[in-house]
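S.K.: Here you go, one structure.
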Amino acid sequence: MYLPYVRGRQYELLALRNSHPLLQQWPDILPLVEPVNASPSACLRAATELTTAGCRIAIITNPVANSRAGVVHDVLQHATCPAALRSHASVVPSLLVLTGTTVQHVQTFFTLYAGRELCIVHREVPIDPSVTTTLINLAQGHLHAGHVATHVITDQTPTQLRLALPTTSLVLLRDGFQRQPHNAAYPPASFFGDLHRTYRAQGYAGWGDFLTVGDVFTTGGGMPLAVVIHLTALQASSSDAWIRHFISSSNATTANPAGKFLQAAARVASYAATDAAFAGTAACRELLGYHATPHFPGLGKLKELSIRHHLQMMGAFA
(Lines give C-alpha, C1' and ligand atoms only; values in the text may rest on other atoms or scores of the structure.)
Protein backbone atom coordinates (compact mmCIF):
# COMPACT_ATOMS: atom_id res chain seq x y z
CA MET A 1 0.00 0.00 0.00
CA TYR A 2 1.21 3.48 -0.89
CA LEU A 3 -0.13 6.61 0.85
CA PRO A 4 0.97 9.86 -0.84
CA TYR A 5 0.29 12.71 1.61
CA VAL A 6 -0.92 16.01 0.16
CA ARG A 7 -2.39 19.12 1.77
CA GLY A 8 -5.19 19.97 -0.58
CA ARG A 9 -3.65 22.95 -2.40
CA GLN A 10 -5.06 23.56 -5.87
CA TYR A 11 -2.19 22.02 -7.83
CA GLU A 12 -2.16 18.96 -5.55
CA LEU A 13 -5.88 18.38 -6.00
CA LEU A 14 -5.53 18.82 -9.77
CA ALA A 15 -2.72 16.26 -9.74
CA LEU A 16 -4.97 13.73 -8.01
CA ARG A 17 -7.94 14.44 -10.27
CA ASN A 18 -5.81 14.09 -13.40
CA SER A 19 -4.27 10.88 -12.03
CA HIS A 20 -7.58 9.04 -11.77
CA PRO A 21 -6.68 6.51 -14.55
CA LEU A 22 -3.56 5.62 -12.56
CA LEU A 23 -5.49 5.37 -9.28
CA GLN A 24 -8.04 3.12 -11.00
CA GLN A 25 -5.24 0.90 -12.27
CA TRP A 26 -3.47 0.69 -8.89
CA PRO A 27 -6.11 0.57 -6.11
CA ASP A 28 -3.40 0.07 -3.48
CA ILE A 29 -2.52 3.75 -3.86
CA LEU A 30 -4.54 5.63 -1.25
CA PRO A 31 -4.06 9.41 -1.46
CA LEU A 32 -4.14 10.98 2.00
CA VAL A 33 -5.43 14.55 1.85
CA GLU A 34 -5.23 17.13 4.62
CA PRO A 35 -7.44 20.09 3.63
CA VAL A 36 -5.56 23.27 4.51
CA ASN A 37 -8.05 25.95 3.50
CA ALA A 38 -10.69 27.38 5.83
CA SER A 39 -13.34 25.89 3.55
CA PRO A 40 -12.72 22.31 2.39
CA SER A 41 -14.96 22.76 -0.66
CA ALA A 42 -12.21 22.28 -3.26
CA CYS A 43 -10.98 19.13 -1.53
CA LEU A 44 -14.50 17.75 -1.31
CA ARG A 45 -15.11 18.44 -5.01
CA ALA A 46 -11.94 16.58 -5.92
CA ALA A 47 -12.94 13.69 -3.66
CA THR A 48 -16.33 13.54 -5.35
CA GLU A 49 -14.69 13.30 -8.78
CA LEU A 50 -12.30 10.57 -7.65
CA THR A 51 -14.94 8.44 -5.96
CA THR A 52 -17.24 8.81 -8.98
CA ALA A 53 -14.35 7.45 -11.06
CA GLY A 54 -14.03 4.50 -8.70
CA CYS A 55 -10.93 5.69 -6.85
CA ARG A 56 -10.30 5.66 -3.11
CA ILE A 57 -9.26 8.73 -1.11
CA ALA A 58 -8.48 9.27 2.57
CA ILE A 59 -9.54 12.64 3.98
CA ILE A 60 -8.13 13.97 7.24
CA THR A 61 -11.15 15.15 9.18
CA ASN A 62 -9.21 17.34 11.64
CA PRO A 63 -6.61 19.35 9.67
CA VAL A 64 -3.71 20.48 11.81
CA ALA A 65 -4.31 24.18 11.19
CA ASN A 66 -7.83 23.88 12.57
CA SER A 67 -6.76 21.64 15.44
CA ARG A 68 -4.05 24.10 16.53
CA ALA A 69 -6.70 26.81 16.63
CA GLY A 70 -8.92 24.68 18.84
CA VAL A 71 -11.43 23.99 16.07
CA VAL A 72 -12.88 20.51 16.45
CA HIS A 73 -15.36 20.41 13.59
CA ASP A 74 -15.09 17.48 11.20
CA VAL A 75 -14.32 18.21 7.53
CA LEU A 76 -16.66 15.44 6.38
CA GLN A 77 -19.42 16.98 8.49
CA HIS A 78 -18.88 20.41 6.92
CA ALA A 79 -21.93 22.05 5.36
CA THR A 80 -20.31 21.88 1.92
CA CYS A 81 -19.79 18.10 2.09
CA PRO A 82 -22.40 16.22 0.03
CA ALA A 83 -24.17 13.50 1.99
CA ALA A 84 -23.30 10.96 -0.72
CA LEU A 85 -19.60 11.71 -0.33
CA ARG A 86 -19.74 11.62 3.48
CA SER A 87 -21.03 8.04 3.40
CA HIS A 88 -19.21 6.84 0.28
CA ALA A 89 -17.37 3.56 0.80
CA SER A 90 -14.37 4.82 -1.20
CA VAL A 91 -13.82 7.70 1.23
CA VAL A 92 -11.60 6.76 4.17
CA PRO A 93 -12.16 9.09 7.16
CA SER A 94 -8.79 9.84 8.74
CA LEU A 95 -7.77 11.23 12.12
CA LEU A 96 -4.61 13.21 12.85
CA VAL A 97 -3.20 12.30 16.25
CA LEU A 98 -1.54 15.41 17.64
CA THR A 99 -0.05 16.59 20.92
CA GLY A 100 -3.42 17.90 22.11
CA THR A 101 -5.55 14.97 20.96
CA THR A 102 -7.86 13.72 23.74
CA VAL A 103 -9.56 10.41 24.42
CA GLN A 104 -12.86 12.11 23.66
CA HIS A 105 -11.60 13.12 20.19
CA VAL A 106 -10.62 9.53 19.46
CA GLN A 107 -13.81 8.00 20.79
CA THR A 108 -15.98 10.51 18.93
CA PHE A 109 -14.18 9.75 15.69
CA PHE A 110 -14.57 6.00 16.03
CA THR A 111 -18.21 6.31 17.04
CA LEU A 112 -19.05 8.69 14.21
CA TYR A 113 -17.54 6.38 11.61
CA ALA A 114 -18.50 3.04 13.10
CA GLY A 115 -18.13 0.19 10.65
CA ARG A 116 -16.03 2.22 8.17
CA GLU A 117 -12.52 1.71 6.90
CA LEU A 118 -10.47 4.29 8.81
CA CYS A 119 -6.98 5.77 8.82
CA ILE A 120 -5.18 6.96 11.97
CA VAL A 121 -2.23 9.27 11.29
CA HIS A 122 0.18 9.39 14.24
CA ARG A 123 1.87 12.72 13.51
CA GLU A 124 2.68 13.61 17.13
CA VAL A 125 2.69 12.02 20.57
CA PRO A 126 -0.34 13.02 22.69
CA ILE A 127 0.42 14.65 26.03
CA ASP A 128 -2.23 12.49 27.67
CA PRO A 129 -0.85 8.90 27.78
CA SER A 130 -4.37 7.48 28.00
CA VAL A 131 -4.87 8.53 24.39
CA THR A 132 -2.09 6.17 23.30
CA THR A 133 -3.55 3.41 25.46
CA THR A 134 -6.95 3.94 23.87
CA LEU A 135 -5.48 3.82 20.37
CA ILE A 136 -3.63 0.59 21.16
CA ASN A 137 -6.82 -0.99 22.52
CA LEU A 138 -8.70 0.09 19.42
CA ALA A 139 -6.00 -1.29 17.15
CA GLN A 140 -6.01 -4.63 18.97
CA GLY A 141 -9.80 -4.91 18.78
CA HIS A 142 -10.52 -4.44 22.48
CA LEU A 143 -12.79 -1.46 21.67
CA HIS A 144 -15.17 -0.96 18.74
CA ALA A 145 -14.60 -4.46 17.38
CA GLY A 146 -14.96 -4.76 13.64
CA HIS A 147 -13.17 -1.56 12.65
CA VAL A 148 -10.60 -1.80 9.88
CA ALA A 149 -8.00 0.91 10.46
CA THR A 150 -4.72 1.71 8.79
CA HIS A 151 -2.21 3.22 11.21
CA VAL A 152 0.27 5.66 9.70
CA ILE A 153 3.37 6.25 11.78
CA THR A 154 6.61 8.17 11.36
CA ASP A 155 10.22 7.59 12.39
CA GLN A 156 9.44 9.62 15.54
CA THR A 157 6.58 7.36 16.67
CA PRO A 158 7.38 5.83 20.10
CA THR A 159 8.55 2.23 19.93
CA GLN A 160 5.89 1.11 22.45
CA LEU A 161 3.12 2.26 20.14
CA ARG A 162 4.74 0.93 16.99
CA LEU A 163 5.22 -2.53 18.47
CA ALA A 164 1.64 -2.63 19.78
CA LEU A 165 0.06 -1.88 16.41
CA PRO A 166 -0.75 -4.79 14.07
CA THR A 167 1.86 -4.99 11.30
CA THR A 168 -0.87 -5.86 8.81
CA SER A 169 -2.22 -2.32 9.12
CA LEU A 170 1.01 -0.38 9.66
CA VAL A 171 2.26 2.24 7.19
CA LEU A 172 5.51 4.19 7.61
CA LEU A 173 5.34 7.82 6.46
CA ARG A 174 8.67 9.43 5.64
CA ASP A 175 9.63 12.72 3.99
CA GLY A 176 12.33 12.04 1.42
CA PHE A 177 12.30 15.42 -0.29
CA GLN A 178 15.42 17.42 0.56
CA ARG A 179 14.08 20.95 0.44
CA GLN A 180 16.48 23.81 -0.25
CA PRO A 181 16.19 27.50 0.78
CA HIS A 182 15.77 28.66 -2.84
CA ASN A 183 15.40 27.06 -6.26
CA ALA A 184 18.92 27.72 -7.50
CA ALA A 185 20.36 25.89 -4.48
CA TYR A 186 19.17 22.45 -5.57
CA PRO A 187 21.84 20.02 -6.75
CA PRO A 188 21.32 18.14 -10.03
CA ALA A 189 19.91 15.20 -8.04
CA SER A 190 19.20 14.27 -4.42
CA PHE A 191 18.47 10.93 -2.78
CA PHE A 192 14.78 10.45 -1.98
CA GLY A 193 14.73 6.99 -0.44
CA ASP A 194 14.41 3.23 -0.74
CA LEU A 195 11.36 2.75 1.49
CA HIS A 196 9.15 1.91 -1.49
CA ARG A 197 11.15 -1.26 -2.08
CA THR A 198 12.11 -2.15 1.52
CA TYR A 199 8.92 -1.49 3.53
CA ARG A 200 7.82 -5.14 3.47
CA ALA A 201 11.22 -6.35 4.67
CA GLN A 202 10.96 -3.83 7.51
CA GLY A 203 7.62 -5.29 8.59
CA TYR A 204 5.23 -2.68 7.21
CA ALA A 205 2.09 -3.15 5.15
CA GLY A 206 2.79 0.04 3.24
CA TRP A 207 4.68 3.28 3.01
CA GLY A 208 3.90 6.93 2.51
CA ASP A 209 5.70 10.09 1.47
CA PHE A 210 5.16 13.78 0.78
CA LEU A 211 5.97 13.36 -2.91
CA THR A 212 8.08 16.09 -4.51
CA VAL A 213 6.57 18.76 -2.25
CA GLY A 214 7.96 17.80 1.15
CA ASP A 215 6.51 18.02 4.64
CA VAL A 216 6.45 21.81 4.70
CA PHE A 217 3.36 23.92 4.30
CA THR A 218 3.83 27.48 3.09
CA THR A 219 1.41 29.99 1.65
CA GLY A 220 1.95 32.74 -0.85
CA GLY A 221 5.33 33.37 -2.41
CA GLY A 222 6.40 35.56 -5.32
CA MET A 223 7.98 34.84 -8.67
CA PRO A 224 11.25 32.94 -8.15
CA LEU A 225 14.60 33.89 -9.60
CA ALA A 226 15.10 30.35 -10.88
CA VAL A 227 12.58 27.89 -12.27
CA VAL A 228 13.15 24.32 -11.09
CA ILE A 229 11.34 21.17 -12.17
CA HIS A 230 11.49 18.32 -9.63
CA LEU A 231 11.06 14.88 -11.21
CA THR A 232 11.50 11.45 -9.65
CA ALA A 233 13.85 8.90 -11.20
CA LEU A 234 14.65 5.32 -10.22
CA GLN A 235 18.28 4.27 -10.10
CA ALA A 236 18.73 1.46 -12.62
CA SER A 237 20.92 -0.74 -10.43
CA SER A 238 18.82 -0.62 -7.25
CA SER A 239 15.44 1.06 -7.98
CA ASP A 240 16.24 3.59 -5.25
CA ALA A 241 14.35 6.84 -5.77
CA TRP A 242 16.19 10.04 -6.56
CA ILE A 243 14.77 13.47 -7.32
CA ARG A 244 16.24 15.11 -10.39
CA HIS A 245 16.23 18.90 -10.12
CA PHE A 246 16.18 20.61 -13.52
CA ILE A 247 17.03 24.31 -13.05
CA SER A 248 16.95 27.26 -15.41
CA SER A 249 20.23 28.96 -16.23
CA SER A 250 19.28 32.66 -16.52
CA ASN A 251 18.54 33.39 -12.88
CA ALA A 252 19.76 36.93 -12.20
CA THR A 253 16.25 38.41 -12.12
CA THR A 254 12.64 37.22 -11.98
CA ALA A 255 11.99 38.32 -15.56
CA ASN A 256 10.97 35.93 -18.36
CA PRO A 257 9.64 32.89 -16.45
CA ALA A 258 8.59 31.33 -19.77
CA GLY A 259 12.17 31.43 -20.99
CA LYS A 260 13.40 30.01 -17.70
CA PHE A 261 10.90 27.16 -18.04
CA LEU A 262 12.20 26.31 -21.51
CA GLN A 263 15.76 26.23 -20.18
CA ALA A 264 14.77 23.82 -17.40
CA ALA A 265 12.57 21.76 -19.73
CA ALA A 266 15.45 21.39 -22.18
CA ARG A 267 17.41 19.73 -19.40
CA VAL A 268 14.45 17.44 -18.71
CA ALA A 269 14.39 16.45 -22.38
CA SER A 270 18.12 15.76 -22.37
CA TYR A 271 17.86 13.47 -19.35
CA ALA A 272 14.65 11.79 -20.56
CA ALA A 273 16.52 10.61 -23.65
CA THR A 274 18.67 8.43 -21.35
CA ASP A 275 15.91 6.99 -19.10
CA ALA A 276 12.95 5.29 -20.77
CA ALA A 277 11.00 4.65 -17.54
CA PHE A 278 11.37 8.30 -16.56
CA ALA A 279 10.32 9.50 -20.01
CA GLY A 280 7.38 7.10 -20.15
CA THR A 281 5.07 8.60 -17.55
CA ALA A 282 2.02 10.52 -18.72
CA ALA A 283 3.19 13.62 -16.85
CA CYS A 284 6.68 13.56 -18.34
CA ARG A 285 5.28 13.12 -21.85
CA GLU A 286 3.01 16.13 -21.28
CA LEU A 287 5.94 18.18 -20.00
CA LEU A 288 8.08 17.24 -23.01
CA GLY A 289 5.18 18.29 -25.22
CA TYR A 290 5.23 21.77 -23.68
CA HIS A 291 8.96 21.92 -24.36
CA ALA A 292 8.52 20.88 -27.98
CA THR A 293 5.67 23.32 -28.73
CA PRO A 294 7.13 25.48 -27.03
CA HIS A 295 4.62 26.59 -24.38
CA PHE A 296 4.94 27.69 -20.75
CA PRO A 297 1.97 26.19 -18.84
CA GLY A 298 2.59 28.12 -15.59
CA LEU A 299 4.41 27.28 -12.37
CA GLY A 300 1.35 25.64 -10.81
CA LYS A 301 1.12 23.23 -13.73
CA LEU A 302 4.78 22.28 -13.26
CA LYS A 303 4.06 21.35 -9.64
CA GLU A 304 1.04 19.31 -10.71
CA LEU A 305 3.08 17.43 -13.33
CA SER A 306 5.83 16.79 -10.79
CA ILE A 307 3.33 15.14 -8.43
CA ARG A 308 1.69 13.10 -11.18
CA HIS A 309 5.07 11.86 -12.39
CA HIS A 310 6.03 10.83 -8.86
CA LEU A 311 2.75 8.95 -8.37
CA GLN A 312 3.33 6.91 -11.51
CA MET A 313 6.99 6.19 -10.75
CA MET A 314 6.28 5.06 -7.19
CA GLY A 315 2.83 3.54 -7.60
CA ALA A 316 4.12 0.39 -9.25
CA PHE A 317 5.64 -0.63 -5.90
CA ALA A 318 2.32 -0.46 -3.98
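Chain labels follow the order of the C-alpha coordinates: the first chain is A, the next B, and so on; residue numbering restarts at 1 in every chain, and ligands are counted from 1 in their shown order.
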Enumerate as a ChimeraX atom specification all residues of stretch 89-259 of chain A assigned to strand (DSSP E) by DSSP on the backbone, naming them with the chain letters and numbers the document uses.

M.R.: /A:91-97,117-122,148-153,170-173,189-193,206-209,228-234,241-247

S.K.: Excluding stretch 310-315 of chain A and residues on its chain fewer than 5 positions from it, collect all residues at most 9 Å away from it, counting only C-alpha atoms, and give them as a PDB file with N, CA and C atoms, in the first residue's frame.

M.R.:
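The resulting file, selection_32.pdb, is shown below:
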ATOM      1  N   MET A   1       0.841  -1.191   0.000  1.00  0.00           N
ATOM      2  CA  MET A   1       0.000   0.000   0.000  1.00  0.00           C
ATOM      3  C   MET A   1       0.878   1.243   0.000  1.00  0.00           C
ATOM      4  N   TYR A   2       0.463   2.226  -0.794  1.00  0.00           N
ATOM      5  CA  TYR A   2       1.206   3.483  -0.894  1.00  0.00           C
ATOM      6  C   TYR A   2       0.262   4.630  -0.566  1.00  0.00           C
ATOM      7  N   PRO A   4       0.385   8.535  -0.585  1.00  0.00           N
ATOM      8  CA  PRO A   4       0.969   9.857  -0.842  1.00  0.00           C
ATOM      9  C   PRO A   4       0.194  10.917  -0.075  1.00  0.00           C
ATOM     10  N   SER A  19      -4.907  12.201 -12.165  1.00  0.00           N
ATOM     11  CA  SER A  19      -4.265  10.883 -12.031  1.00  0.00           C
ATOM     12  C   SER A  19      -5.285   9.770 -11.859  1.00  0.00           C
ATOM     13  N   LEU A  22      -4.610   6.319 -13.302  1.00  0.00           N
ATOM     14  CA  LEU A  22      -3.561   5.618 -12.558  1.00  0.00           C
ATOM     15  C   LEU A  22      -4.112   5.038 -11.261  1.00  0.00           C
ATOM     16  N   LEU A  23      -4.917   5.824 -10.542  1.00  0.00           N
ATOM     17  CA  LEU A  23      -5.488   5.366  -9.281  1.00  0.00           C
ATOM     18  C   LEU A  23      -6.491   4.242  -9.512  1.00  0.00           C
ATOM     19  N   TRP A  26      -4.185   1.146 -10.085  1.00  0.00           N
ATOM     20  CA  TRP A  26      -3.475   0.687  -8.888  1.00  0.00           C
ATOM     21  C   TRP A  26      -4.279   1.056  -7.638  1.00  0.00           C
ATOM     22  N   ASP A  28      -4.156   0.050  -4.732  1.00  0.00           N
ATOM     23  CA  ASP A  28      -3.396   0.071  -3.483  1.00  0.00           C
ATOM     24  C   ASP A  28      -2.721   1.415  -3.239  1.00  0.00           C
ATOM     25  N   ILE A  29      -2.918   2.372  -4.135  1.00  0.00           N
ATOM     26  CA  ILE A  29      -2.520   3.750  -3.861  1.00  0.00           C
ATOM     27  C   ILE A  29      -3.701   4.437  -3.190  1.00  0.00           C
ATOM     28  N   HIS A 196      10.126   2.524  -0.598  1.00  0.00           N
ATOM     29  CA  HIS A 196       9.147   1.914  -1.492  1.00  0.00           C
ATOM     30  C   HIS A 196       9.492   0.470  -1.835  1.00  0.00           C
ATOM     31  N   LEU A 211       5.722  13.174  -1.495  1.00  0.00           N
ATOM     32  CA  LEU A 211       5.971  13.359  -2.909  1.00  0.00           C
ATOM     33  C   LEU A 211       7.127  14.325  -3.152  1.00  0.00           C
ATOM     34  N   THR A 212       7.015  15.141  -4.194  1.00  0.00           N
ATOM     35  CA  THR A 212       8.080  16.088  -4.512  1.00  0.00           C
ATOM     36  C   THR A 212       7.769  17.475  -3.965  1.00  0.00           C
ATOM     37  N   LEU A 231      11.612  16.102 -10.646  1.00  0.00           N
ATOM     38  CA  LEU A 231      11.055  14.882 -11.213  1.00  0.00           C
ATOM     39  C   LEU A 231      11.770  13.656 -10.637  1.00  0.00           C
ATOM     40  N   THR A 232      10.992  12.658 -10.291  1.00  0.00           N
ATOM     41  CA  THR A 232      11.503  11.447  -9.654  1.00  0.00           C
ATOM     42  C   THR A 232      12.081  10.495 -10.691  1.00  0.00           C
ATOM     43  N   ALA A 233      13.218   9.904 -10.347  1.00  0.00           N
ATOM     44  CA  ALA A 233      13.853   8.901 -11.202  1.00  0.00           C
ATOM     45  C   ALA A 233      14.263   7.721 -10.338  1.00  0.00           C
ATOM     46  N   LEU A 234      14.235   6.529 -10.920  1.00  0.00           N
ATOM     47  CA  LEU A 234      14.653   5.318 -10.218  1.00  0.00           C
ATOM     48  C   LEU A 234      16.033   4.903 -10.698  1.00  0.00           C
ATOM     49  N   ALA A 241      14.950   5.634  -5.198  1.00  0.00           N
ATOM     50  CA  ALA A 241      14.351   6.837  -5.768  1.00  0.00           C
ATOM     51  C   ALA A 241      15.255   8.046  -5.546  1.00  0.00           C
ATOM     52  N   ALA A 277      12.057   4.707 -18.562  1.00  0.00           N
ATOM     53  CA  ALA A 277      11.002   4.652 -17.544  1.00  0.00           C
ATOM     54  C   ALA A 277      10.613   6.058 -17.110  1.00  0.00           C
ATOM     55  N   PHE A 278      11.590   6.897 -16.934  1.00  0.00           N
ATOM     56  CA  PHE A 278      11.370   8.298 -16.561  1.00  0.00           C
ATOM     57  C   PHE A 278      10.561   9.008 -17.646  1.00  0.00           C
ATOM     58  N   THR A 281       6.266   8.265 -18.315  1.00  0.00           N
ATOM     59  CA  THR A 281       5.068   8.603 -17.545  1.00  0.00           C
ATOM     60  C   THR A 281       4.227   9.612 -18.322  1.00  0.00           C
ATOM     61  N   ALA A 282       2.924   9.598 -18.037  1.00  0.00           N
ATOM     62  CA  ALA A 282       2.025  10.525 -18.716  1.00  0.00           C
ATOM     63  C   ALA A 282       2.412  11.967 -18.449  1.00  0.00           C
ATOM     64  N   ALA A 283       2.828  12.247 -17.210  1.00  0.00           N
ATOM     65  CA  ALA A 283       3.192  13.620 -16.855  1.00  0.00           C
ATOM     66  C   ALA A 283       4.457  14.066 -17.570  1.00  0.00           C
ATOM     67  N   LEU A 305       2.424  18.468 -12.546  1.00  0.00           N
ATOM     68  CA  LEU A 305       3.079  17.428 -13.332  1.00  0.00           C
ATOM     69  C   LEU A 305       4.131  16.688 -12.513  1.00  0.00           C
TER      70      LEU A 305
END

S.K.: Could you give me, as JSON, numbers by chain, the residues within 9 Å of A:Leu16, counting only C-alpha atoms and dropping anything in the same chain fewer than 6 positions from it?

M.R.: {"A": [23, 31, 46, 50, 304, 307, 308]}

S.K.: What separation in Å, quoted to one decimal, exists between atom CA of A:Leu95 and atom CA of A:Ser41?

M.R.: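 Between atom CA of A:Leu95 and atom CA of A:Ser41 the gap is 18.7 Å.
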
S.K.: Could you check the closest approach to A:Ala226 for each of A:Arg197, A:Lys301, A:Arg7, A:His245 and tell me which residue wins, using only C-alpha atoms?

M.R.: A:His245

S.K.: With only C-alpha atoms as the basis for distance, which of A:Phe177, A:Phe109, A:Tyr5, A:Tyr271 is at the shortest distance from A:Ala58?

M.R.: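 Ranked by minimum distance to A:Ala58, first place goes to A:Tyr5.
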
S.K.: For a quick check of understanding, using only C-alpha atoms, which of A:Leu85, A:Leu138, A:Ala189, A:Val228 has the smallest distance to A:Phe261?

M.R.: A:Val228

S.K.: What's the 12 Å shell around A:Pro82, counting only C-alpha atoms, without same-chain residues fewer than 4 positions away, as an mmCIF file with N, CA and C atoms, in the first residue's frame?

M.R.:
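Generated output (around21.cif):
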data_model
loop_
_atom_site.group_PDB
_atom_site.id
_atom_site.type_symbol
_atom_site.label_atom_id
_atom_site.label_comp_id
_atom_site.auth_asym_id
_atom_site.auth_seq_id
_atom_site.Cartn_x
_atom_site.Cartn_y
_atom_site.Cartn_z
ATOM 1 N N PRO A 40 -13.244 23.498 3.072
ATOM 2 C CA PRO A 40 -12.722 22.309 2.393
ATOM 3 C C PRO A 40 -13.422 22.019 1.076
ATOM 4 N N SER A 41 -14.124 22.998 0.516
ATOM 5 C CA SER A 41 -14.957 22.758 -0.663
ATOM 6 C C SER A 41 -14.170 22.173 -1.830
ATOM 7 N N CYS A 43 -11.378 20.506 -1.841
ATOM 8 C CA CYS A 43 -10.983 19.133 -1.534
ATOM 9 C C CYS A 43 -12.164 18.179 -1.698
ATOM 10 N N LEU A 44 -13.320 18.609 -1.234
ATOM 11 C CA LEU A 44 -14.498 17.748 -1.315
ATOM 12 C C LEU A 44 -14.937 17.562 -2.761
ATOM 13 N N ARG A 45 -14.783 18.594 -3.590
ATOM 14 C CA ARG A 45 -15.109 18.442 -5.011
ATOM 15 C C ARG A 45 -14.174 17.437 -5.674
ATOM 16 N N ALA A 47 -12.595 15.013 -4.186
ATOM 17 C CA ALA A 47 -12.939 13.694 -3.662
ATOM 18 C C ALA A 47 -14.165 13.127 -4.364
ATOM 19 N N THR A 48 -15.127 13.987 -4.641
ATOM 20 C CA THR A 48 -16.329 13.535 -5.350
ATOM 21 C C THR A 48 -15.973 13.022 -6.740
ATOM 22 N N VAL A 75 -14.238 17.791 8.929
ATOM 23 C CA VAL A 75 -14.321 18.207 7.533
ATOM 24 C C VAL A 75 -15.451 17.493 6.804
ATOM 25 N N LEU A 76 -15.611 16.201 7.070
ATOM 26 C CA LEU A 76 -16.656 15.443 6.385
ATOM 27 C C LEU A 76 -18.057 15.783 6.883
ATOM 28 N N GLN A 77 -18.123 16.518 7.994
ATOM 29 C CA GLN A 77 -19.422 16.983 8.486
ATOM 30 C C GLN A 77 -19.668 18.441 8.100
ATOM 31 N N HIS A 78 -18.753 19.016 7.330
ATOM 32 C CA HIS A 78 -18.880 20.413 6.921
ATOM 33 C C HIS A 78 -20.123 20.594 6.049
ATOM 34 N N ARG A 86 -19.989 11.897 2.065
ATOM 35 C CA ARG A 86 -19.744 11.618 3.480
ATOM 36 C C ARG A 86 -19.862 10.122 3.782
ATOM 37 N N SER A 87 -20.772 9.452 3.115
ATOM 38 C CA SER A 87 -21.034 8.041 3.405
ATOM 39 C C SER A 87 -20.441 7.105 2.355
ATOM 40 N N HIS A 88 -19.714 7.651 1.386
ATOM 41 C CA HIS A 88 -19.208 6.835 0.281
ATOM 42 C C HIS A 88 -18.161 5.843 0.782
#

S.K.: Counting only C-alpha atoms, which residue out of A:Val213, A:Ala139, A:Ala185, A:Ile247 sits closest to A:Tyr11?

M.R.: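 Among the listed residues, A:Val213 lies closest to A:Tyr11.
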
S.K.: DSSP on the backbone: what in stretch 28-151 of chain A comes out helix (DSSP H, G or I), as a PyMOL selection string?

M.R.: chain A and resi 41-52+64-68+75-77+83-86+103-112+129-139

S.K.: Would you kindly return, as JSON, numbers by chain, each protein, DNA or RNA residue with an atom no farther than 8 Å from any atom of A:Phe296, considering only C-alpha atoms and excluding same-chain residues fewer than 5 positions away?

M.R.: {"A": [258, 261, 262, 290, 291]}

S.K.: Which of these, A:His151, A:Arg162, A:Arg56, A:Arg9, has the shortest distance to A:Val91 once you count only C-alpha atoms?

M.R.: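 Closest candidate: A:Arg56.
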